[in-house]
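To start, the structure under review is shown below, and the notes come after it.
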Amino acid sequence: MNKKFSRFLTLTLLGFIGLSLTLVVGSLYGLLSTTMVKEFSNELKVVQSEVCMALQERFNLLETRVKEASLNNAIRVNLMLGVRSQLSELLKTHHPFIRGAYFFIQEKGDSQFIPEIPDSYKASIPSLIKISRMSDFQNIKFQNYGDGICTSLFSCPILRKDERLGTIYAIYDLSLDTQFWKRFKNNMNERLLIQSKGDLVDLHTSQSVCLPSKIRSLFINGFESPKVDLFQNCSFVGLKEFPDLFYAISSKSLHNKKHALFIKLTGLCTIIFLLTLIVSFQLIKKISEPLESMAEQALKISQKPSSFLLHEKEIRYVEFQKLAQGFNQVLRSLLEAQEELKRQTQKKLDASEELYRRTLEAAPDSISISRLKDGCFQQVNQAFSKMTGYSLEEALGKTSFDLNLYNNPLDREHLIKEIREKGEVNGLEIQFRKKDGTVLDTLLSVRTIQFGEEECMIAVASDITELKRAQEEKKKLETQLQHAQKMEAIGTLAGGVAHDFNNLLGIITGNVELALDTVPESNQARFNLDEIRKASWRARDVVRQLLSFARKTTFERKPTKIIPVIRESIQLLRATIPTNIEIRQNITNANDTVLADQTQIQQVLINLITNAYHALVETGGIIEIGIQEIVLKANSFSSTFDLIPGKYLEIMVSDTGQGIAPKVIDRIFDPYFTTKGVGKGSGMGLSVVHGIIKSHSGAISVKSKIGKGTTFIILLPVIEKEAVQHAEPDEVFPTGSENILFVDDDEAMTHVGRNRLEGLGYHVETRTNPVEALELFHRNQDLFDLVITDMTMPQMTGDRLVKEILKIRPDMPTILCTGFSENIDEEKAKEIGVCQYIEKPFNRSVLASTVRKALDER
């Protein structure tokens, strides 16, 4: 519904006048009410000072009375004589000199109070006792001791010279001081409150006042300036000398004064408003008439703005004539601006199209626009031409099917289906075929758009071929890292197994040697025991192989005959290889002595024979091991192996399996490379073999044919020096009669050690706890001539035990034994002062010579 301007102007003017009067009256009311509040606050400050002075006067008087009583000679004499009845009479002369005050005396060392404290104040006894320990006057003001009553405590020691005879106390209950409360007016609801646990308690009536949570922190922190009408129509002010006390008074009188002021100002405002209403009506009538005339003319102009203007001369008032002139000028300017806007719009449209073309060409990704109905390309950018090899002219008007862009045509059908159903496709991996036939991996996103007057698709494709390659390479590296972590875990496990296994072998070999001493040569059991001993030493070598595989130990190369090593390896594996696989030996009587570590060479042979077995496990076949001596000459095929000319021992391990594919044969010695299934190989076997042969100054090669089999050829340099022969140990061992302390946490090992050493003539004391052994040595350090200790023990390791022993007796010979430990070796043992270092298992010959050597070095 349309409204008349005259009515609007009338209502606006009346509203403005009413608002102005309201603001004036409101401001005046606010100013006067603020003055009232200030006067009320000043009155509160005066009362605040009066209450503080009255309370301070009470406390000063109590302090004076308590101190006077502590200096009273009559009280001192009665305390010294222990006359309780006289003390009570003396106190009565001081009580009650202030209402609500009670006096008590406590004799030194006595828990009784004279007179006895009333039941209502017994909750304050712990606090009285606490302040009585002080050597001077003490005062605790207004505390709630759990009985609901806020009291003040006073104490002062009663002294005779420097001797304390007792303590005088005073308990002041303000709620009982009627003289103090006479100044408070009940009709004004005057109260004295104390803050306790976030609420207020009336000190006169002990009634609790629950504080709203939003102002609770205000009372906890305290305030000295008055807070007028804070809550419950009450005003509050804090007492300066008493931080937890607040004076409260009703704000009703202040509210009554404000209400009377509001009535007076409202009446005045109403009278002024009525007078203004009459004047405004006449004024608006004069203004609205010419405006209505101008509005009628403007309505006619709106129908044909280019033909009519307002009639300026027909308007009576100058102000409205100027308004008409302005309206006509605006109308002319509007017509001119309309023409200019048309020109600018066309210019911006042309610039937008140019920006679109430049953006399309500058985009690094391939962008193409094609019709949804038939797939014909409407627009492509340079990145599209660079990616696909098709120029702009070759692509426009053609479809992706015409250009054979999709490597898999089914991908195009799937894409069109997704677009028709969902209207968009995001991050779809698709392979495109370039003009030259090269296949690209791309990441494609498609949206439907309105291009011109047709519904089209805009496709953005990113070339991710290199990214895919990088991801595959990353996956390979992650696989290698996992293999490396597995090998590290195997190494850790190998160390633990080696330690425990060598300890067990030490017990087995030791007991076998002891048993051999009691069994005659003719007894069959002696042969069996001897076989157990030999098997134990072979088991020790197996442990060394395990540590070698895990790179946990170093090896010593010495002249070694290879033929026995080959035969022992075959014998070791024969039981695990099925009978449908034949093992043939083609071994000639060649010089088979090489400078090598027997354990490592055996590891090489076991790896190669095991690989041959895996190649024949399904079909069966023949594994052949051959050996012969050859001579490599200069300019011969030695250059192929990068070897120095000379005599070499050639070891061949062949199988009649399926062979190795030519595409992988060059990678078989790479770390982590394997053709076996998951869980059947780590890819480290041939890499380790290659490393061992290279470290022995040799070479390894492989020949293979699909369907025929595989042959590994090893070349090791031959030496003329005779191999070290392990003769049976001499049955005559060095002996002695010295005292030896033998320490090992394994009781079976201490049993073997004691019997071995006692069999050599020594006196032996054993301990399985290194801490107990150290205590024994500390008590009898001159009794022992030698200490033999294990390395890995609970509570204290062997190297630490040696250090502690050498602190007690620096010249003490020591021998350190270990099954295996990554934390100690012979060099480190020498550094801490160990005389001899031996590794388990060791035979009696090694033990006897090592003990004798350690004792003789002393």
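The chains in the structure tokens are called A, B, ... from first to last as shown; in each chain the residues are counted from 1, and the ligands are counted from 1 in the order shown.
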
Pick out each residue of segment 71-135 of chain A that DSSP on the backbone tags as alpha helix (DSSP H); I need them as a PyMOL selection string.
chain A and resi 73-81+84-92+125-132

Show which residues sit within 10 Å of Ala525 of chain A, as an NGL selection string. Count only C-alpha atoms, and ignore same-chain residues fewer than 5 positions away.
:A and (515-516 or 519-520 or 530-531)

Exercise: Thr750 of chain A partners within 8 Å, only C-alpha atoms, chain neighbours under 4 positions left out, as a ChimeraX atom specification:
/A:742-746,754,766-768

Fewer than 4 positions away in the same chain doesn't count, so skip those; otherwise give me all residues within 12 Å of Glu466 of chain A, counting only C-alpha atoms, as JSON, numbers by chain.
{"A": [440, 441, 442, 462, 470, 471, 472, 473]}

For the selection you just gave me, I'd like the residues written to a file as a PDB file, in the first residue's frame, keeping N, CA, C and O atoms.
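Contents of the output file selection39.pdb:
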ATOM      1  N   LEU A 440      50.866 -42.335 -22.610  1.00  0.00           N
ATOM      2  CA  LEU A 440      51.066 -41.448 -21.462  1.00  0.00           C
ATOM      3  C   LEU A 440      50.081 -41.807 -20.356  1.00  0.00           C
ATOM      4  O   LEU A 440      48.924 -42.143 -20.625  1.00  0.00           O
ATOM      5  N   ASP A 441      50.551 -41.712 -19.101  1.00  0.00           N
ATOM      6  CA  ASP A 441      49.660 -41.809 -17.938  1.00  0.00           C
ATOM      7  C   ASP A 441      49.188 -40.401 -17.602  1.00  0.00           C
ATOM      8  O   ASP A 441      50.006 -39.481 -17.433  1.00  0.00           O
ATOM      9  N   THR A 442      47.873 -40.190 -17.512  1.00  0.00           N
ATOM     10  CA  THR A 442      47.335 -38.861 -17.228  1.00  0.00           C
ATOM     11  C   THR A 442      46.312 -38.929 -16.101  1.00  0.00           C
ATOM     12  O   THR A 442      45.735 -39.983 -15.824  1.00  0.00           O
ATOM     13  N   SER A 462      46.467 -33.867 -16.769  1.00  0.00           N
ATOM     14  CA  SER A 462      47.847 -33.659 -16.323  1.00  0.00           C
ATOM     15  C   SER A 462      48.653 -34.898 -16.659  1.00  0.00           C
ATOM     16  O   SER A 462      48.228 -36.026 -16.374  1.00  0.00           O
ATOM     17  N   ALA A 470      58.241 -42.377 -10.698  1.00  0.00           N
ATOM     18  CA  ALA A 470      58.849 -42.051  -9.403  1.00  0.00           C
ATOM     19  C   ALA A 470      58.196 -42.852  -8.280  1.00  0.00           C
ATOM     20  O   ALA A 470      58.870 -43.307  -7.349  1.00  0.00           O
ATOM     21  N   GLN A 471      56.872 -43.036  -8.344  1.00  0.00           N
ATOM     22  CA  GLN A 471      56.174 -43.813  -7.312  1.00  0.00           C
ATOM     23  C   GLN A 471      56.611 -45.269  -7.333  1.00  0.00           C
ATOM     24  O   GLN A 471      56.780 -45.894  -6.282  1.00  0.00           O
ATOM     25  N   GLU A 472      56.794 -45.815  -8.548  1.00  0.00           N
ATOM     26  CA  GLU A 472      57.257 -47.205  -8.645  1.00  0.00           C
ATOM     27  C   GLU A 472      58.658 -47.342  -8.068  1.00  0.00           C
ATOM     28  O   GLU A 472      58.977 -48.314  -7.375  1.00  0.00           O
ATOM     29  N   GLU A 473      59.514 -46.340  -8.359  1.00  0.00           N
ATOM     30  CA  GLU A 473      60.872 -46.380  -7.818  1.00  0.00           C
ATOM     31  C   GLU A 473      60.847 -46.262  -6.297  1.00  0.00           C
ATOM     32  O   GLU A 473      61.597 -46.938  -5.592  1.00  0.00           O
TER      33      GLU A 473
END

Can you pull out every residue within 10 Å of Lys422 of chain A, counting only C-alpha atoms, but drop anything in the same chain fewer than 4 positions away, and send it as an mmCIF file with all heavy atoms, in the first residue's frame?
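In the end it all went to part_15.cif:
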data_model
loop_
_atom_site.group_PDB
_atom_site.id
_atom_site.type_symbol
_atom_site.label_atom_id
_atom_site.label_comp_id
_atom_site.auth_asym_id
_atom_site.auth_seq_id
_atom_site.Cartn_x
_atom_site.Cartn_y
_atom_site.Cartn_z
ATOM 1 N N LYS A 417 29.818 -42.135 -19.772
ATOM 2 C CA LYS A 417 28.739 -42.595 -18.897
ATOM 3 C C LYS A 417 28.742 -41.831 -17.573
ATOM 4 O O LYS A 417 27.682 -41.400 -17.078
ATOM 5 C CB LYS A 417 28.906 -44.094 -18.648
ATOM 6 C CG LYS A 417 27.803 -44.687 -17.790
ATOM 7 C CD LYS A 417 28.024 -46.179 -17.568
ATOM 8 C CE LYS A 417 26.937 -46.758 -16.652
ATOM 9 N NZ LYS A 417 27.175 -48.204 -16.389
ATOM 10 N N GLU A 418 29.929 -41.643 -16.980
ATOM 11 C CA GLU A 418 30.032 -40.908 -15.710
ATOM 12 C C GLU A 418 29.592 -39.458 -15.881
ATOM 13 O O GLU A 418 28.908 -38.896 -15.020
ATOM 14 C CB GLU A 418 31.483 -40.951 -15.203
ATOM 15 C CG GLU A 418 31.933 -42.305 -14.685
ATOM 16 C CD GLU A 418 31.321 -42.616 -13.333
ATOM 17 O OE1 GLU A 418 31.337 -41.744 -12.449
ATOM 18 O OE2 GLU A 418 30.815 -43.742 -13.175
ATOM 19 N N ARG A 447 34.247 -31.488 -16.504
ATOM 20 C CA ARG A 447 33.027 -30.828 -16.047
ATOM 21 C C ARG A 447 32.161 -30.504 -17.283
ATOM 22 O O ARG A 447 32.681 -30.296 -18.385
ATOM 23 C CB ARG A 447 33.334 -29.508 -15.330
ATOM 24 C CG ARG A 447 34.123 -29.632 -14.059
ATOM 25 C CD ARG A 447 33.254 -30.083 -12.902
ATOM 26 N NE ARG A 447 33.979 -29.963 -11.655
ATOM 27 C CZ ARG A 447 34.923 -30.790 -11.231
ATOM 28 N NH1 ARG A 447 35.271 -31.821 -11.993
ATOM 29 N NH2 ARG A 447 35.526 -30.613 -10.079
ATOM 30 N N THR A 448 30.857 -30.430 -17.079
ATOM 31 C CA THR A 448 29.965 -29.955 -18.142
ATOM 32 C C THR A 448 29.810 -28.449 -18.008
ATOM 33 O O THR A 448 29.664 -27.925 -16.898
ATOM 34 C CB THR A 448 28.589 -30.627 -18.045
ATOM 35 O OG1 THR A 448 28.039 -30.393 -16.744
ATOM 36 C CG2 THR A 448 28.698 -32.131 -18.268
#

Any idea what's packed within 12 Å of Leu61 of chain A, counting only C-alpha atoms, ignoring anything in its chain fewer than 4 positions away? Could you give it as a ChimeraX atom specification?
/A:54-57,65-68,94,97-98,101,154,170,172

For the residues in the current selection, export N, CA and C atoms as a CSV table (one decimal), in the first residue's frame.
chain,number,residue,atom,x,y,z
A,54,ALA,N,35.1,1.0,64.6
A,54,ALA,CA,34.5,0.3,65.7
A,54,ALA,C,35.2,-1.1,65.8
A,55,LEU,N,35.4,-1.8,64.7
A,55,LEU,CA,36.0,-3.1,64.8
A,55,LEU,C,37.4,-3.0,65.3
A,56,GLN,N,38.2,-2.0,64.7
A,56,GLN,CA,39.6,-1.9,65.1
A,56,GLN,C,39.7,-1.5,66.6
A,57,GLU,N,38.7,-0.7,67.1
A,57,GLU,CA,38.7,-0.4,68.5
A,57,GLU,C,38.6,-1.6,69.4
A,65,ARG,N,44.1,-6.1,76.5
A,65,ARG,CA,43.7,-6.9,77.7
A,65,ARG,C,44.5,-8.2,77.7
A,66,VAL,N,44.7,-8.8,76.6
A,66,VAL,CA,45.5,-10.1,76.5
A,66,VAL,C,46.9,-9.8,77.0
A,67,LYS,N,47.5,-8.8,76.4
A,67,LYS,CA,48.9,-8.5,76.8
A,67,LYS,C,49.0,-8.2,78.3
A,68,GLU,N,48.1,-7.4,78.8
A,68,GLU,CA,48.1,-7.0,80.2
A,68,GLU,C,48.0,-8.3,81.1
A,94,HIS,N,38.6,-10.2,84.5
A,94,HIS,CA,38.7,-9.6,83.1
A,94,HIS,C,37.5,-10.0,82.2
A,97,PHE,N,34.7,-8.2,80.0
A,97,PHE,CA,34.8,-6.7,79.8
A,97,PHE,C,34.3,-6.3,78.5
A,98,ILE,N,34.2,-7.2,77.5
A,98,ILE,CA,33.6,-6.9,76.2
A,98,ILE,C,32.7,-8.1,75.9
A,101,ALA,N,33.6,-11.8,74.3
A,101,ALA,CA,35.0,-12.2,74.5
A,101,ALA,C,35.2,-13.1,75.7
A,154,PHE,N,43.1,-14.8,69.9
A,154,PHE,CA,44.2,-14.0,70.3
A,154,PHE,C,45.0,-14.9,71.2
A,170,ALA,N,42.3,-15.5,74.0
A,170,ALA,CA,41.0,-14.9,74.0
A,170,ALA,C,40.3,-15.3,72.7
A,172,TYR,N,37.0,-14.2,70.5
A,172,TYR,CA,36.1,-13.1,70.4
A,172,TYR,C,35.0,-13.5,69.4

Atom CA of Asp597 of chain A to atom CA of Pro559 of chain A, distance in Å rounded to a single decimal:
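A separation of 8.4 Å between them.
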
DSSP on the backbone, then: every residue of segment 50-195 of chain A marked strand (DSSP E), written as a ChimeraX atom specification.
/A:101-107,138-144,150-160,163-172,191-195

Ranking A:Glu629, A:Arg332, A:Asn523, A:Tyr29 by minimum distance to Thr588 of chain A and counting only C-alpha atoms, which one comes first?
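Nearest to Thr588 of chain A: A:Glu629.
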
When you look at Pro841 of chain A with a cut-off of 9 Å (counting only C-alpha atoms), what residues show up, excluding the ones that are within fewer than 5 positions of it in the same chain? I need them as a PDB file with all heavy atoms, in the first residue's frame.
ATOM      1  N   ASN A 502      76.170 -70.802  22.381  1.00  0.00           N
ATOM      2  CA  ASN A 502      77.568 -71.032  22.756  1.00  0.00           C
ATOM      3  C   ASN A 502      77.686 -71.406  24.226  1.00  0.00           C
ATOM      4  O   ASN A 502      78.556 -72.205  24.602  1.00  0.00           O
ATOM      5  CB  ASN A 502      78.402 -69.788  22.456  1.00  0.00           C
ATOM      6  CG  ASN A 502      78.764 -69.683  20.994  1.00  0.00           C
ATOM      7  OD1 ASN A 502      78.806 -70.692  20.284  1.00  0.00           O
ATOM      8  ND2 ASN A 502      79.037 -68.473  20.513  1.00  0.00           N
ATOM      9  N   ASN A 503      76.842 -70.806  25.074  1.00  0.00           N
ATOM     10  CA  ASN A 503      76.851 -71.196  26.490  1.00  0.00           C
ATOM     11  C   ASN A 503      76.467 -72.670  26.643  1.00  0.00           C
ATOM     12  O   ASN A 503      77.090 -73.412  27.411  1.00  0.00           O
ATOM     13  CB  ASN A 503      75.884 -70.327  27.285  1.00  0.00           C
ATOM     14  CG  ASN A 503      76.505 -68.999  27.682  1.00  0.00           C
ATOM     15  OD1 ASN A 503      77.727 -68.870  27.732  1.00  0.00           O
ATOM     16  ND2 ASN A 503      75.679 -68.014  27.942  1.00  0.00           N
ATOM     17  N   LEU A 504      75.411 -73.082  25.911  1.00  0.00           N
ATOM     18  CA  LEU A 504      74.994 -74.498  25.971  1.00  0.00           C
ATOM     19  C   LEU A 504      76.086 -75.413  25.439  1.00  0.00           C
ATOM     20  O   LEU A 504      76.351 -76.485  26.012  1.00  0.00           O
ATOM     21  CB  LEU A 504      73.703 -74.686  25.166  1.00  0.00           C
ATOM     22  CG  LEU A 504      72.455 -73.975  25.722  1.00  0.00           C
ATOM     23  CD1 LEU A 504      71.307 -74.103  24.738  1.00  0.00           C
ATOM     24  CD2 LEU A 504      72.062 -74.559  27.067  1.00  0.00           C
ATOM     25  N   LEU A 505      76.740 -75.010  24.328  1.00  0.00           N
ATOM     26  CA  LEU A 505      77.838 -75.820  23.794  1.00  0.00           C
ATOM     27  C   LEU A 505      78.988 -75.905  24.776  1.00  0.00           C
ATOM     28  O   LEU A 505      79.662 -76.947  24.883  1.00  0.00           O
ATOM     29  CB  LEU A 505      78.327 -75.216  22.469  1.00  0.00           C
ATOM     30  CG  LEU A 505      77.383 -75.357  21.271  1.00  0.00           C
ATOM     31  CD1 LEU A 505      77.962 -74.631  20.069  1.00  0.00           C
ATOM     32  CD2 LEU A 505      77.164 -76.831  20.940  1.00  0.00           C
ATOM     33  N   GLY A 506      79.228 -74.805  25.508  1.00  0.00           N
ATOM     34  CA  GLY A 506      80.292 -74.844  26.526  1.00  0.00           C
ATOM     35  C   GLY A 506      79.989 -75.875  27.598  1.00  0.00           C
ATOM     36  O   GLY A 506      80.881 -76.598  28.061  1.00  0.00           O
ATOM     37  N   ILE A 507      78.715 -75.945  28.009  1.00  0.00           N
ATOM     38  CA  ILE A 507      78.329 -76.936  29.024  1.00  0.00           C
ATOM     39  C   ILE A 507      78.455 -78.352  28.462  1.00  0.00           C
ATOM     40  O   ILE A 507      78.973 -79.271  29.124  1.00  0.00           O
ATOM     41  CB  ILE A 507      76.892 -76.657  29.500  1.00  0.00           C
ATOM     42  CG1 ILE A 507      76.816 -75.287  30.185  1.00  0.00           C
ATOM     43  CG2 ILE A 507      76.400 -77.758  30.425  1.00  0.00           C
ATOM     44  CD1 ILE A 507      75.407 -74.828  30.461  1.00  0.00           C
ATOM     45  N   ILE A 508      77.996 -78.536  27.196  1.00  0.00           N
ATOM     46  CA  ILE A 508      78.045 -79.877  26.580  1.00  0.00           C
ATOM     47  C   ILE A 508      79.492 -80.340  26.430  1.00  0.00           C
ATOM     48  O   ILE A 508      79.857 -81.454  26.853  1.00  0.00           O
ATOM     49  CB  ILE A 508      77.331 -79.859  25.217  1.00  0.00           C
ATOM     50  CG1 ILE A 508      75.827 -79.612  25.413  1.00  0.00           C
ATOM     51  CG2 ILE A 508      77.561 -81.164  24.457  1.00  0.00           C
ATOM     52  CD1 ILE A 508      75.080 -79.352  24.128  1.00  0.00           C
ATOM     53  N   THR A 509      80.337 -79.503  25.805  1.00  0.00           N
ATOM     54  CA  THR A 509      81.733 -79.917  25.568  1.00  0.00           C
ATOM     55  C   THR A 509      82.471 -80.133  26.878  1.00  0.00           C
ATOM     56  O   THR A 509      83.301 -81.048  27.001  1.00  0.00           O
ATOM     57  CB  THR A 509      82.454 -78.856  24.733  1.00  0.00           C
ATOM     58  OG1 THR A 509      82.362 -77.577  25.378  1.00  0.00           O
ATOM     59  CG2 THR A 509      81.843 -78.745  23.346  1.00  0.00           C
ATOM     60  N   GLY A 510      82.191 -79.290  27.863  1.00  0.00           N
ATOM     61  CA  GLY A 510      82.866 -79.460  29.158  1.00  0.00           C
ATOM     62  C   GLY A 510      82.501 -80.768  29.817  1.00  0.00           C
ATOM     63  O   GLY A 510      83.378 -81.506  30.319  1.00  0.00           O
ATOM     64  N   SER A 536      79.743 -80.983  18.558  1.00  0.00           N
ATOM     65  CA  SER A 536      79.665 -79.707  19.275  1.00  0.00           C
ATOM     66  C   SER A 536      80.547 -78.658  18.616  1.00  0.00           C
ATOM     67  O   SER A 536      80.174 -77.489  18.485  1.00  0.00           O
ATOM     68  CB  SER A 536      80.063 -79.889  20.734  1.00  0.00           C
ATOM     69  OG  SER A 536      79.170 -80.765  21.385  1.00  0.00           O
ATOM     70  N   TRP A 537      81.774 -79.092  18.195  1.00  0.00           N
ATOM     71  CA  TRP A 537      82.654 -78.112  17.529  1.00  0.00           C
ATOM     72  C   TRP A 537      82.079 -77.716  16.167  1.00  0.00           C
ATOM     73  O   TRP A 537      82.224 -76.574  15.735  1.00  0.00           O
ATOM     74  CB  TRP A 537      84.067 -78.676  17.377  1.00  0.00           C
ATOM     75  CG  TRP A 537      84.752 -78.931  18.689  1.00  0.00           C
ATOM     76  CD1 TRP A 537      85.302 -80.079  19.135  1.00  0.00           C
ATOM     77  CD2 TRP A 537      84.912 -77.994  19.761  1.00  0.00           C
ATOM     78  NE1 TRP A 537      85.804 -79.951  20.405  1.00  0.00           N
ATOM     79  CE2 TRP A 537      85.583 -78.655  20.815  1.00  0.00           C
ATOM     80  CE3 TRP A 537      84.557 -76.655  19.942  1.00  0.00           C
ATOM     81  CZ2 TRP A 537      85.919 -78.042  22.004  1.00  0.00           C
ATOM     82  CZ3 TRP A 537      84.884 -76.042  21.133  1.00  0.00           C
ATOM     83  CH2 TRP A 537      85.550 -76.732  22.153  1.00  0.00           C
ATOM     84  N   ARG A 540      79.550 -75.183  16.816  1.00  0.00           N
ATOM     85  CA  ARG A 540      80.181 -73.869  17.040  1.00  0.00           C
ATOM     86  C   ARG A 540      80.420 -73.166  15.709  1.00  0.00           C
ATOM     87  O   ARG A 540      80.204 -71.958  15.565  1.00  0.00           O
ATOM     88  CB  ARG A 540      81.504 -74.055  17.789  1.00  0.00           C
ATOM     89  CG  ARG A 540      82.267 -72.741  18.009  1.00  0.00           C
ATOM     90  CD  ARG A 540      83.689 -72.973  18.416  1.00  0.00           C
ATOM     91  NE  ARG A 540      84.424 -73.658  17.359  1.00  0.00           N
ATOM     92  CZ  ARG A 540      85.715 -74.015  17.456  1.00  0.00           C
ATOM     93  NH1 ARG A 540      86.382 -73.771  18.566  1.00  0.00           N
ATOM     94  NH2 ARG A 540      86.309 -74.626  16.454  1.00  0.00           N
ATOM     95  N   THR A 818      82.965 -65.166  27.189  1.00  0.00           N
ATOM     96  CA  THR A 818      81.664 -64.758  26.644  1.00  0.00           C
ATOM     97  C   THR A 818      81.205 -65.711  25.560  1.00  0.00           C
ATOM     98  O   THR A 818      82.026 -66.231  24.793  1.00  0.00           O
ATOM     99  CB  THR A 818      81.722 -63.323  26.081  1.00  0.00           C
ATOM    100  OG1 THR A 818      80.435 -62.972  25.587  1.00  0.00           O
ATOM    101  CG2 THR A 818      82.735 -63.193  24.968  1.00  0.00           C
ATOM    102  N   GLY A 819      79.882 -65.981  25.544  1.00  0.00           N
ATOM    103  CA  GLY A 819      79.300 -66.742  24.440  1.00  0.00           C
ATOM    104  C   GLY A 819      79.219 -65.874  23.196  1.00  0.00           C
ATOM    105  O   GLY A 819      79.588 -66.280  22.105  1.00  0.00           O
TER     106      GLY A 819
END

Residues of segment 186-236 of chain A that approach segment 255-261 of chain A to 12 Å or less, counting only C-alpha atoms: could you list each one with the shortest pair of atoms and its distance in Å to one decimal, rows by chain and increasing residue number, as a tab-separated table?
residue	atom	partner	partner_atom	distance
A:Val228	CA	A:His255	CA	11.0
A:Asp229	CA	A:His255	CA	9.3
A:Asn233	CA	A:His255	CA	8.9
A:Cys234	CA	A:His255	CA	10.7
A:Ser235	CA	A:His255	CA	11.6

Could you check the closest approach to Phe242 of chain A for each of A:Gln431, A:Gln378, A:Ser132, A:Ser49 and tell me which residue wins, using only C-alpha atoms?
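Of the candidates, the smallest distance to Phe242 of chain A is held by A:Ser49.
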
Among the residues A:Cys52, A:Leu268, A:Cys817, A:Leu783, the one that comes closest to Met749 of chain A [using only C-alpha atoms]
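Counting only C-alpha atoms, the residue closest to Met749 of chain A is A:Cys817.
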
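In this model, the gap between atom CA of His763 of chain A and atom CA of Glu521 of chain A comes to 28.7 Å.
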
Atomic distance atom CA of Phe384 of chain A - atom CA of Gly423 of chain A, expressed in Å with one decimal:
22.2 Å

Among A:His751, A:His778, A:Gln658, A:Leu14, Gly707 of chain A is approached most closely, using only C-alpha atoms, by A:Gln658

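For the residues A:Gln143, A:Gln138, A:Ser333, A:Asn407, ranking by smallest atom-to-atom distance to Cys156 of chain A using only C-alpha atoms places A:Gln138 first.
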